[in-house]
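my_file-v7.txt, holding compact mmCIF, C-alpha atoms and all ligand atoms:
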# COMPACT_ATOMS: atom_id res chain seq x y z
CA MET D 1014 0.00 0.00 0.00
CA GLU D 1015 1.22 3.50 -0.87
CA ASN D 1016 2.73 5.32 2.10
CA ILE D 1017 0.66 8.47 2.68
CA SER D 1018 1.16 10.66 5.72
CA PHE D 1019 -1.72 12.49 7.32
CA GLN D 1020 -2.00 15.37 9.76
CA ILE D 1021 -4.67 14.74 12.40
CA LEU D 1022 -5.65 18.09 13.92
CA VAL D 1023 -8.20 19.62 16.25
CA ALA D 1024 -10.23 21.54 13.66
CA ASP D 1025 -10.63 25.31 13.94
CA SER D 1026 -12.17 28.12 11.90
CA SER D 1027 -9.34 27.91 9.34
CA HIS D 1028 -10.82 24.56 8.22
CA LYS D 1029 -14.33 25.84 7.43
CA GLU D 1030 -13.68 25.61 3.70
CA TYR D 1031 -13.81 21.80 4.01
CA ALA D 1032 -17.30 21.72 5.57
CA GLU D 1033 -19.25 21.23 2.36
CA THR D 1034 -16.95 18.49 1.09
CA ILE D 1035 -17.43 16.73 4.44
CA THR D 1036 -21.25 16.89 4.45
CA ASP D 1037 -21.39 15.85 0.77
CA GLU D 1038 -19.25 12.81 1.54
CA MET D 1039 -21.36 11.95 4.60
CA ALA D 1040 -24.49 11.94 2.43
CA ASN D 1041 -22.85 10.03 -0.45
CA SER D 1042 -21.43 7.35 1.86
CA ALA D 1043 -24.78 6.83 3.60
CA LYS D 1044 -26.46 6.47 0.19
CA ALA D 1045 -23.82 4.03 -1.02
CA ARG D 1046 -24.18 1.90 2.12
CA GLY D 1047 -27.99 2.10 1.94
CA THR D 1048 -28.03 2.93 5.64
CA GLY D 1049 -29.58 5.67 7.68
CA ILE D 1050 -27.79 8.79 8.83
CA ALA D 1051 -28.48 11.86 10.94
CA LYS D 1052 -28.09 14.62 8.31
CA ARG D 1053 -25.72 17.50 9.06
CA SER D 1054 -25.45 20.87 7.32
CA PRO D 1055 -22.12 22.54 6.38
CA GLU D 1056 -23.02 25.33 8.86
CA TYR D 1057 -23.34 22.81 11.69
CA ILE D 1058 -19.95 21.30 10.84
CA GLN D 1059 -18.45 24.82 10.75
CA SER D 1060 -19.89 25.59 14.20
CA LYS D 1061 -18.10 22.49 15.55
CA MET D 1062 -14.84 23.77 14.03
CA ASP D 1063 -15.36 27.20 15.62
CA GLU D 1064 -15.94 25.58 19.02
CA GLY D 1065 -12.83 23.36 18.76
CA LYS D 1066 -15.04 20.27 19.03
CA ALA D 1067 -13.92 18.41 15.93
CA VAL D 1068 -10.95 16.53 14.52
CA ILE D 1069 -9.94 16.80 10.88
CA ALA D 1070 -7.43 14.74 8.90
CA LEU D 1071 -5.60 16.28 5.95
CA THR D 1072 -2.91 14.98 3.64
CA SER D 1073 0.46 16.72 3.78
CA ASP D 1074 -0.61 18.82 0.77
CA GLY D 1075 -3.86 19.94 2.43
CA LYS D 1076 -6.39 17.56 0.86
CA TRP D 1077 -9.30 16.66 3.14
CA ALA D 1078 -9.08 13.03 4.32
CA GLY D 1079 -11.34 12.56 7.35
CA PHE D 1080 -13.46 14.11 10.08
CA CYS D 1081 -15.33 13.53 13.34
CA TYR D 1082 -16.94 15.84 15.91
CA ILE D 1083 -18.16 16.01 19.53
CA GLU D 1084 -21.71 16.58 20.70
CA ALA D 1085 -22.70 16.99 24.36
CA TRP D 1086 -26.11 15.85 25.64
CA GLY D 1087 -28.06 15.90 28.88
CA HIS D 1088 -26.18 18.99 30.16
CA GLY D 1089 -22.83 17.37 29.41
CA LYS D 1090 -23.57 14.15 31.29
CA TYR D 1091 -23.15 12.34 27.96
CA VAL D 1092 -20.89 13.01 25.01
CA ALA D 1093 -21.10 11.48 21.54
CA ASN D 1094 -18.31 11.27 18.99
CA SER D 1095 -20.34 11.60 15.83
CA GLY D 1096 -20.13 11.93 12.08
CA LEU D 1097 -16.98 9.85 11.57
CA ILE D 1098 -16.13 9.93 7.89
CA VAL D 1099 -13.02 9.06 5.89
CA SER D 1100 -12.66 10.09 2.26
CA PRO D 1101 -13.10 6.96 0.07
CA GLU D 1102 -9.65 7.33 -1.47
CA PHE D 1103 -8.00 7.16 1.98
CA ARG D 1104 -9.95 4.28 3.50
CA LYS D 1105 -8.21 1.20 4.94
CA TYR D 1106 -5.08 3.20 5.82
CA GLY D 1107 -5.92 3.15 9.54
CA LEU D 1108 -7.17 6.73 9.43
CA ALA D 1109 -10.53 6.16 11.15
CA ARG D 1110 -8.71 4.56 14.09
CA LYS D 1111 -6.38 7.59 14.37
CA ILE D 1112 -9.24 10.10 14.12
CA LYS D 1113 -11.32 8.22 16.71
CA ARG D 1114 -8.36 8.14 19.11
CA GLU D 1115 -7.89 11.91 18.76
CA ILE D 1116 -11.58 12.77 19.17
CA PHE D 1117 -11.73 10.44 22.16
CA LYS D 1118 -8.73 12.23 23.75
CA LEU D 1119 -10.32 15.61 23.02
CA SER D 1120 -13.64 14.48 24.52
CA ARG D 1121 -11.93 13.24 27.69
CA LYS D 1122 -10.08 16.54 28.00
CA LYS D 1123 -13.16 18.71 27.47
CA TYR D 1124 -15.62 16.49 29.34
CA PRO D 1125 -13.60 14.40 31.81
CA ASP D 1126 -16.65 13.24 33.78
CA SER D 1127 -18.97 12.49 30.85
CA LYS D 1128 -19.98 9.11 29.56
CA ILE D 1129 -19.00 8.80 25.89
CA PHE D 1130 -21.34 6.89 23.62
CA GLY D 1131 -21.88 6.04 20.00
CA LEU D 1132 -24.60 4.52 17.84
CA THR D 1133 -23.36 2.75 14.76
CA THR D 1134 -24.11 0.12 12.13
CA GLY D 1135 -20.43 -0.11 11.18
CA ALA D 1136 -18.27 -3.09 12.19
CA ALA D 1137 -15.09 -0.99 11.82
CA VAL D 1138 -16.40 1.61 14.27
CA MET D 1139 -17.48 -1.06 16.76
CA LYS D 1140 -14.01 -2.54 16.69
CA ILE D 1141 -12.30 0.84 17.17
CA ASN D 1142 -14.73 1.75 19.98
CA SER D 1143 -14.01 -1.45 21.85
CA GLU D 1144 -10.27 -0.79 21.57
CA LEU D 1145 -10.94 2.56 23.27
CA GLY D 1146 -12.81 0.90 26.15
CA TYR D 1147 -16.43 1.19 25.00
CA ILE D 1148 -18.75 -1.74 25.66
CA PRO D 1149 -22.05 -2.60 23.94
CA VAL D 1150 -25.04 -1.39 25.98
CA SER D 1151 -28.81 -1.13 25.65
CA TYR D 1152 -30.39 2.10 24.43
CA ALA D 1153 -31.70 2.67 27.97
CA ASP D 1154 -28.07 3.31 29.03
CA LEU D 1155 -27.78 6.25 26.61
CA THR D 1156 -28.89 9.84 27.06
CA ASP D 1157 -32.63 10.54 27.23
CA ASP D 1158 -32.01 14.04 25.87
CA ASN D 1159 -34.74 14.52 23.23
CA GLU D 1160 -32.46 16.73 21.16
CA PHE D 1161 -30.11 13.81 20.61
CA TRP D 1162 -32.90 11.49 19.47
CA LYS D 1163 -34.28 14.20 17.16
CA GLY D 1164 -31.08 13.73 15.15
CA CYS D 1165 -32.40 10.28 14.17
CA GLN D 1166 -35.46 11.80 12.47
CA SER D 1167 -33.63 12.15 9.16
CA CYS D 1168 -32.54 8.48 9.26
CA VAL D 1169 -34.34 5.99 6.98
CA ASN D 1170 -34.80 3.68 9.98
CA TYR D 1171 -36.51 6.26 12.21
CA GLU D 1172 -39.84 4.43 12.04
CA ILE D 1173 -38.20 1.29 13.40
CA LEU D 1174 -36.64 3.26 16.27
CA MET D 1175 -40.00 4.77 17.19
CA SER D 1176 -41.83 1.44 16.91
CA LYS D 1177 -39.42 0.21 19.62
CA ASN D 1178 -40.04 3.23 21.86
CA ARG D 1179 -36.44 4.34 21.27
CA GLN D 1180 -35.18 1.17 22.94
CA ASN D 1181 -33.66 -0.49 19.86
CA CYS D 1182 -32.94 -0.02 16.18
CA LEU D 1183 -30.41 -1.15 13.53
CA CYS D 1184 -27.60 0.75 15.23
CA THR D 1185 -25.62 -0.83 18.05
CA ALA D 1186 -25.16 1.35 21.13
CA MET D 1187 -21.71 1.48 22.74
CA LEU D 1188 -20.63 3.35 25.84
CA PHE D 1189 -17.42 4.39 27.58
CA ASP D 1190 -18.08 5.09 31.25
CA PRO D 1191 -15.19 6.92 32.97
CA ASN D 1192 -16.55 5.82 36.34
CA ALA D 1193 -16.84 2.12 35.52
CA LYS D 1194 -14.81 0.11 37.96
CA LYS D 1195 -11.45 -0.61 36.35
CA ASN D 1196 -11.34 -4.15 37.72
CA HIS D 1197 -14.84 -5.19 36.67
CA ILE D 1198 -13.90 -8.62 35.37
CA GLU D 1199 -16.96 -9.30 33.20
CA GLU D 1200 -16.66 -5.99 31.38
CA ILE D 1201 -12.98 -6.48 30.73
CA ALA D 1202 -13.61 -10.00 29.39
CA LEU D 1203 -16.36 -8.69 27.10
CA ARG D 1204 -14.11 -5.93 25.83
CA GLU D 1205 -11.25 -8.33 25.15
CA ASP D 1206 -13.61 -10.66 23.26
CA PHE D 1207 -14.82 -7.84 21.06
CA LYS D 1208 -11.31 -6.53 20.39
CA LYS D 1209 -10.20 -9.82 18.91
CA GLU D 1210 -12.17 -10.17 15.72
CA ILE D 1211 -13.58 -7.76 13.18
CA LYS D 1212 -15.58 -10.74 11.83
CA LEU D 1213 -17.50 -10.87 15.08
CA PHE D 1214 -18.72 -7.32 14.50
CA ASP D 1215 -19.54 -8.05 10.86
CA ARG D 1216 -21.66 -11.02 11.91
CA TRP D 1217 -23.37 -8.98 14.62
CA VAL D 1218 -24.20 -6.14 12.18
CA ARG D 1219 -25.71 -8.58 9.66
CA LEU D 1220 -27.72 -10.41 12.30
CA LYS D 1221 -29.09 -7.23 13.84
CA LYS D 1222 -30.05 -5.81 10.44
CA TYR D 1223 -31.79 -9.04 9.49
CA VAL D 1224 -33.75 -9.29 12.73
CA MET D 1225 -34.71 -5.62 12.97
CA LEU D 1226 -35.84 -5.34 9.35
CA LYS D 1227 -37.76 -8.60 9.54
CA LEU D 1228 -39.50 -7.51 12.73
CA SER D 1229 -40.36 -4.12 11.31
CA LYS D 1230 -42.20 -5.86 8.44
CA SER D 1231 -44.33 -7.78 10.87
CA LYS D 1232 -45.84 -5.43 13.41
CA ASP D 1233 -47.39 -8.26 15.43
CA SER D 1234 -44.06 -10.01 15.77
CA ALA D 1235 -42.43 -6.70 16.62
CA LYS D 1236 -44.74 -6.34 19.58
CA SER D 1237 -43.98 -9.74 20.99
CA ILE D 1238 -40.28 -10.17 20.28
CA PHE D 1239 -37.62 -7.86 21.62
CA LEU D 1240 -33.99 -8.28 20.60
C1 LIG D 1301 -16.06 3.29 8.41
C2 LIG D 1301 -14.88 4.15 8.00
C3 LIG D 1301 -14.88 5.41 8.88
C4 LIG D 1301 -13.58 3.35 8.23
O1 LIG D 1301 -12.48 4.17 7.89
P1 LIG D 1301 -11.05 3.58 7.59
O2 LIG D 1301 -10.07 4.70 7.69
O3 LIG D 1301 -11.06 2.82 6.33
O4 LIG D 1301 -10.85 2.55 8.81
P2 LIG D 1301 -9.47 2.01 9.36
O5 LIG D 1301 -8.52 1.85 8.21
O6 LIG D 1301 -8.99 2.85 10.50
O7 LIG D 1301 -9.88 0.57 9.87
C5 LIG D 1301 -10.11 0.25 11.22
C6 LIG D 1301 -10.46 -1.22 11.31
O8 LIG D 1301 -11.72 -1.47 10.71
C7 LIG D 1301 -11.60 -2.38 9.62
N1 LIG D 1301 -12.50 -1.90 8.56
C8 LIG D 1301 -12.41 -0.74 7.87
N2 LIG D 1301 -13.45 -0.62 7.02
C9 LIG D 1301 -14.22 -1.73 7.20
C10 LIG D 1301 -15.43 -2.19 6.63
N3 LIG D 1301 -16.07 -1.48 5.69
N4 LIG D 1301 -15.94 -3.37 7.06
C11 LIG D 1301 -15.33 -4.10 8.02
N5 LIG D 1301 -14.16 -3.70 8.60
C12 LIG D 1301 -13.62 -2.54 8.20
C13 LIG D 1301 -10.14 -2.34 9.22
O9 LIG D 1301 -9.74 -3.54 8.62
C14 LIG D 1301 -9.49 -2.10 10.55
O10 LIG D 1301 -9.42 -3.31 11.31
P3 LIG D 1301 -8.02 -3.99 11.69
O11 LIG D 1301 -6.98 -2.93 11.68
O12 LIG D 1301 -8.24 -4.52 13.05
O13 LIG D 1301 -7.84 -5.01 10.69
C15 LIG D 1301 -14.95 4.55 6.50
O14 LIG D 1301 -15.11 3.39 5.74
C16 LIG D 1301 -16.09 5.51 6.20
O15 LIG D 1301 -15.92 6.74 6.27
N6 LIG D 1301 -17.28 4.96 5.84
C17 LIG D 1301 -18.47 5.77 5.56
C18 LIG D 1301 -19.00 6.49 6.77
C19 LIG D 1301 -19.23 5.59 7.96
O16 LIG D 1301 -19.63 4.45 7.84
N7 LIG D 1301 -18.98 6.17 9.14
C20 LIG D 1301 -19.22 5.52 10.41
C21 LIG D 1301 -20.52 5.97 10.95
S1 LIG D 1301 -20.75 5.38 12.59
Translate this file's structure into structure tokens.
Ligand SMILES: CC(C)(COP(=O)(O)OP(=O)(O)OC[C@H]1O[C@@H](n2cnc3c(N)ncnc32)[C@H](O)[C@@H]1OP(=O)(O)O)[C@@H](O)C(=O)NCCC(=O)NCCS
Amino acid sequence: MENISFQILVADSSHKEYAETITDEMANSAKARGTGIAKRSPEYIQSKMDEGKAVIALTSDGKWAGFCYIEAWGHGKYVANSGLIVSPEFRKYGLARKIKREIFKLSRKKYPDSKIFGLTTGAAVMKINSELGYIPVSYADLTDDNEFWKGCQSCVNYEILMSKNRQNCLCTAMLFDPNAKKNHIEEIALREDFKKEIKLFDRWVRLKKYVMLKLSKSKDSAKSIFL
């Protein structure tokens, strides 16, 4: 593989020119994957850059390569690292892992006491999250801030989420809890299991998609079976 070097930076107002490229790529990637996405405007991305709540990756000659930003919910009790995107030409270079590590560090610095969570359908993201210390949780363990859940309204799977009273959907919920006991043996074992194999995540994503979509087609079944 060609050796490309990237700069991974906390984004600031000097990076606003990249906002439209980023939102276009977010929309194109969601379309290509046929998955849902919480839509973001270039202005929203720019506000994150102004606030110093985003990480951007650029090539050494200034080409945009990747992005991710921080959102705080429930008066800062919860933080989400959202909108992870890597430009298609720079995928599989380990860039998502580097960006996620930086945004995680930035989140811990800005919100040291907050729980950090993510909702994703992506096996790659699940693997990176578990390396950072996230564990899979139920939706009930996430923020109940309505503003966060409003972000799901633009997702193609919103109906499924609502039919489950916001307790499940195609996305898997993962959480990093800074106050979790460090020696909690079961959690550590679970984390180690998840770290091992990307195939495990791939299988989980396929299974969840199959079950959730099947259930959503049969409302009666959806009422009686809960994943
Ligand atoms: C998902 C995405 C961010 C991954 O970016 P990337 O820079 O290619 O990822 P990395 O190179 O850092 O890979 C990290 C790990 O995930 C694996 N991986 C990457 N893409 C994968 C995929 N599509 N399916 C399964 N595994 C994948 C890599 O093999 C690597 O695992 P390993 O090092 O243990 O072998 C990128 O494909 C993307 O932007 N996709 C569209 C947007 C998206 O899905 N965002 C996530 C929303 S939650």
Handout entry: Nearest-residue call for ligand LIG 1301 (chain D), choices D:Tyr1152, D:Trp1077, D:Tyr1082, D:Phe1214, using all atoms listed in the file
Key =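 Among the listed residues, D:Phe1214 lies closest to ligand LIG 1301 (chain D).
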Exercise for the section: Residues within 9 Å of ligand LIG 1301 (chain D), counting only C-alpha atoms and all ligand atoms: report them as JSON, numbers by chain. Expected result: {"D": [1038, 1039, 1040, 1041, 1042, 1043, 1045, 1046, 1048, 1050, 1079, 1080, 1095, 1096, 1097, 1098, 1099, 1100, 1101, 1103, 1104, 1105, 1106, 1107, 1108, 1109, 1110, 1111, 1112, 1113, 1131, 1132, 1133, 1134, 1135, 1136, 1137, 1138, 1139, 1140, 1141, 1184, 1208, 1209, 1210, 1211, 1212, 1214, 1215]}
Problem - Nearest residue to Arg1114 (chain D) from the set D:Ser1127, D:Gln1059, D:Leu1022, D:Leu1228 (distances using all atoms listed in the file) - result: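 Result for the nearest residue to Arg1114 (chain D): D:Leu1022.
Our summary of the geometry notes that CA of Thr1156 (chain D) is positioned 19.1 Å from CA of Lys1066 (chain D).
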Problem - Minimum-distance residue to Ser1176 (chain D), chosen among D:Ala1153, D:Ile1083, D:Val1092, D:Met1225 (using all atoms listed in the file) - result: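 Nearest to Ser1176 (chain D): D:Met1225.
Proximity ranking of D:Asp1074, D:Ile1021, D:Asp1158, D:Leu1220 relative to Ile1116 (chain D) places D:Ile1021 first, based on all atoms listed in the file.
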